[in-house]
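J.: One structure follows; several queries about it will come next.
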Amino acid sequence: MSENKPSLKYRLALRFNYEARSAGLFILPVMTVLALVAVFPILYSLYTSFFKLKLTRPHQVPFVWFDNYVEILTDELFIESVYRTVSFTLMSVVAILLIATMISLLLNETFRGRRFVSAMILIPWAIPTVANGLLWKWIYDSGYGALNGLLKQLGIIEKYTVWLGDPDKTIPLIANAFVWKEVPLAAILILVTMKSIPADLYRAAKVDGANVIQRFVHITLPSLKPGFMLVLIYETMMAIRHFDLFFLLTEGGPADASHVVSWQIYVETFRNLSFGTGSAMSYILAIVTFALAYAIIKSLGKRI
Amino acid sequence: MTKRVSKLARREFLKVSAAAGAVGALGTSGLFNQAFAASNTVNFMAWSAAVDLVKSHVAEFEKSIGIDVNYANAPWANYRDNIITKFVGGAPLDMMWVSDAWLPEFVDAGWIAPINKFDNLMKYNDEAEDFCNDSMTYKGQQYGLTYYTDFMAFLYDEQALKKAGISSPPTTWDEVTEQCLKIKAAGISEYPLMLALANESWLMNFLAAMVYSHGGRFTDEKGNAAMQSPTEGAIKALQWVIDAVHKHKIVSPACVEIGELTGLKAFQSGNHAFALEPKYRMRPINDPKQSQIAGRCKQVLMPSGDNGKHNTVGWMRFHGMSAATAANQAHAERTAKLIEWFGGRANGEYKFQKYLFTDIGAGFGVKPLFDDKDVQASYNSYADVDMIKAQQALALKSDVVTPWYGEWQETHASAWQAAILGQASAEDAMKKAGDKWNSLKKEFS
């Protein structure tokens, strides 16, 4: 048997033949760049998370093992910020899924002006995030905001209302601005899935006497699962990590009403210049995001 | 032939690599920076304010003194991060603008050096405002000369008071409440007092002005938290704001989302009768091109509380010298000359502080400029120079400037806002802030 076994040299030559070597050589520059700009910073930030590294105390940088992680996970403010992040994510993702499904159902129909409506619906997605934040800051302003002006003119409110300054309204209002920006992309993703549903299914269901609602529940919804899963994973990750609107609209306030995890990472890293705890928080957020995405894929993926 | 070219190219490559390696090694070992520091050029870093004025003053220095200056600037918003990165990375930096709020952390990190050994700089202390000298002093050493200074002022719209039948502006916080209620009852303004208490960099100055004018302090002589003390702390000031928002409804409940700039615009548009604003804002408020209440905005001494003496908070920025520069005697002397040129007298007069004031209205920290005719004329065109002088003399240095100030302020700001929103009592809010202070103090010591 051993006499028939090819030599190691032959097996290596077979495995790393000319084509494989050439391919390796061609992707080497890209891999090098990726290693430098992506892999190294990621690993370095993991390394940093084990130190009490504060930029303003350059002479005291002790190695603290997992102390930063323990400190973060036992910090009351961090736990509260996790609850706020979950609340923001839940209300945003549910709203995005519902509104995007309705829009994609509308755009899936043939009617006069459909292209114009499609273009209009895409506008929020095309607006830069910072511009979106500033726009909503103006809308929500308690003194001169468009929302107060509109509601007063409609006779819904008697005097101007405090919006972002009211801690009960802060997260829902930021979620609203986030949903407005994210819905177009979600609608397109769901629409693409909707377009791939074979028309024969609907014709057969019609022949069997299924009405519109039955066709939607038994054909459209189950067929949309791949699109829903994509939107669910993408928007959940976006919502959990979202920072821009919290920075532009409230800076974590009033009090700690919009102090979410991404905001705490910013404060810890760039205001307090505590790179050790900032890195540890980022790793916790990344692990949670990956775990959630994995759970969604596992639970929904089986049924597709 | 080809082979020869290839060899030459390889040699050239080796030479370039070796040179690059040597430069890299020099840079890493710090020799490069020392070499840079030893050059005749003074590296000056500032934030992007009065850039043209700075450039012309630098040009004049180069011409008069014969020392080259490498001037660079960065936006204020990320200046602190920028300069800290330079310190940590060992970038060449000799003179820089520093905020009084950063002094302890910069000194403790070993980034800036005292100027006590430079007689040509220390001689200006006699003519400088006391709180400016105090603000530049840490652990008994002075770290620079004043670049700019200002204080929180209490402003009012003279016409609004007259309309409400009020003959003189308030002198105490109780009178502020009474006058606001009169103005509100007369239908002149729904929220007569404008307070901008959004969580931004200005917030601490607004809060400190309220606390100091109430006779309170945030810390005691030993640097321990005193803010939670019912008699000498910050509780009275916070309670006054809570009552103003909820009981008397003379301050908008939206104050927690109003930033300094938004508040300024609201006051300029005539929506309020009183406002707490940095003094230098009087100029745009009384400018007809920018304000609807131009000519009507006046200043009065900060109202006082039970124990108060019309105190307010002052702040300042100064010209500092890096520790790396101070280690090189000759270069330190060159840098000290540039510091004097900007923060002291240039050709016999406080030119830079004067021009900074007349050009952009930034306050100065040297007393003789109050007697300057140009300065007086400029001030009197939109304010009362005697009132400014009187209030500036009552300005106190912030008592929370420590290496842990930034971290504490996150908790402190949130505590004030929570109390104003009715989520906590004034006592609980200040206890939370005080506990955080003491815990950070312990951690840093």
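Identifiers for the structure tokens are assigned positionally: chains receive A, B, ... in sequence, residues are indexed from 1 per chain, and ligands are indexed from 1 in the order shown.
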Tell me which protein, DNA and RNA residues are within 9 Å of His272 in chain B, counting only C-alpha atoms, leaving out same-chain ones fewer than 4 positions away, and put them as a ChimeraX atom specification.
T.: /B:156-157,160,188-194,266-268
J.: Neighbours of range 183-185 of chain A within 9 Å (only C-alpha atoms; same-chain residues fewer than 3 positions away dropped), as number ranges by chain?
T.: A: 95-97, 99-100, 103, 121-125, 178-180, 188-190, 231
J.: Starting from chain B, keep only residues with some atom at most 7 Å from an atom of chain A, counting only C-alpha atoms, and report them as a list in words.
T.: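 Matching residues, ligands excluded from the count: Glu105, Ala109, Asn199, Ala254, Val256, Glu257, Gly406, Glu407, Ser414, Ala415, Gln417 and Ala418 of chain B.
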J.: Using the selection just defined, write its residues with N, CA and C atoms as a CSV table (one decimal), in the first residue's frame.
T.:
```csv
chain,number,residue,atom,x,y,z
B,105,GLU,N,-4.7,67.3,33.0
B,105,GLU,CA,-4.4,66.1,32.3
B,105,GLU,C,-3.2,66.2,31.4
B,109,ALA,N,0.2,64.1,32.3
B,109,ALA,CA,0.7,63.2,31.2
B,109,ALA,C,2.1,63.5,30.8
B,199,ASN,N,-26.7,68.9,26.6
B,199,ASN,CA,-25.4,68.4,27.0
B,199,ASN,C,-24.4,68.6,26.0
B,254,ALA,N,-38.0,72.7,27.5
B,254,ALA,CA,-37.1,72.3,26.4
B,254,ALA,C,-35.7,72.7,26.6
B,256,VAL,N,-33.4,71.5,28.2
B,256,VAL,CA,-32.4,70.4,28.2
B,256,VAL,C,-32.0,70.0,26.7
B,257,GLU,N,-32.7,70.5,25.7
B,257,GLU,CA,-32.3,70.2,24.4
B,257,GLU,C,-31.8,71.4,23.6
B,406,GLY,N,-13.6,65.4,32.4
B,406,GLY,CA,-14.4,65.0,31.3
B,406,GLY,C,-15.3,63.8,31.6
B,407,GLU,N,-14.7,62.9,32.3
B,407,GLU,CA,-15.5,61.7,32.7
B,407,GLU,C,-16.6,62.0,33.7
B,414,SER,N,-25.7,64.7,33.1
B,414,SER,CA,-26.9,63.8,33.0
B,414,SER,C,-27.7,63.9,34.3
B,415,ALA,N,-27.0,64.1,35.5
B,415,ALA,CA,-27.7,64.3,36.8
B,415,ALA,C,-28.6,65.6,36.8
B,417,GLN,N,-29.7,67.2,34.2
B,417,GLN,CA,-30.9,67.1,33.2
B,417,GLN,C,-32.0,66.2,33.8
B,418,ALA,N,-31.5,65.1,34.5
B,418,ALA,CA,-32.5,64.2,35.1
B,418,ALA,C,-33.4,64.9,36.1
```
J.: Please compute the CA of Ala237 in chain B-CA of His259 in chain A distance, one decimal, in Å.
T.: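 Going from CA of Ala237 in chain B over to CA of His259 in chain A, I get 25.6 Å.
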J.: Using only C-alpha atoms, determine which residues lie at most 8 Å from Val93 in chain A, disregarding the query and same-chain residues fewer than 5 positions distant; provide the list as a ChimeraX atom specification.
T.: /A:179,232,235-236,239
J.: Could you write out that same residue set with N, CA and C atoms as a PDB file, in the first residue's frame?
T.:
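Saved file selection_29.pdb follows:
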```
ATOM      1  N   VAL A 179     -36.085  54.875  10.633  1.00  0.00           N
ATOM      2  CA  VAL A 179     -36.990  54.100   9.765  1.00  0.00           C
ATOM      3  C   VAL A 179     -37.171  54.827   8.435  1.00  0.00           C
ATOM      4  N   LEU A 232     -34.236  41.574   7.818  1.00  0.00           N
ATOM      5  CA  LEU A 232     -34.179  41.425   9.272  1.00  0.00           C
ATOM      6  C   LEU A 232     -32.727  41.463   9.767  1.00  0.00           C
ATOM      7  N   GLU A 235     -31.083  45.073   8.820  1.00  0.00           N
ATOM      8  CA  GLU A 235     -31.603  46.212   9.594  1.00  0.00           C
ATOM      9  C   GLU A 235     -31.341  46.046  11.094  1.00  0.00           C
ATOM     10  N   THR A 236     -31.333  44.805  11.573  1.00  0.00           N
ATOM     11  CA  THR A 236     -31.018  44.589  12.998  1.00  0.00           C
ATOM     12  C   THR A 236     -29.582  45.018  13.274  1.00  0.00           C
ATOM     13  N   ALA A 239     -29.395  48.821  13.114  1.00  0.00           N
ATOM     14  CA  ALA A 239     -30.030  49.488  14.265  1.00  0.00           C
ATOM     15  C   ALA A 239     -29.174  49.351  15.528  1.00  0.00           C
TER      16      ALA A 239
END
```
J.: Just to confirm, what's the straight-line distance from CA of Val207 in chain A to CA of Leu107 in chain A in Å (one decimal)?
T.: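 Rounded to one decimal, the two atoms are 24.8 Å apart.
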J.: Quick check for you: according to DSSP on this backbone, which residues of range 122-312 of chain B are classed as strand (DSSP E or B)? Reply as an MDAnalysis selection string.
T.: chainID B and resid 128 137:138 141:142 145:157 172 193:194 219 225 274:278 297:300 304 312
J.: Near Leu276 in chain B, within 9 Å and counting only C-alpha atoms, which residues show up once chain neighbours fewer than 5 positions away are dropped, as JSON, numbers by chain?
T.: {"B": [152, 153, 154, 155, 156, 193, 194, 195, 196, 206, 209, 302]}
J.: Using only C-alpha atoms for the distances, tell me which of A:Lys137, A:Gly113, A:Leu173, A:Leu105 is nearest to Leu221 in chain A.
T.: A:Leu105
J.: What gap, in Å, lies between CA of Tyr355 in chain B and CA of Ala275 in chain B?
T.: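 That distance, rounded to one decimal, is 27.5 Å.
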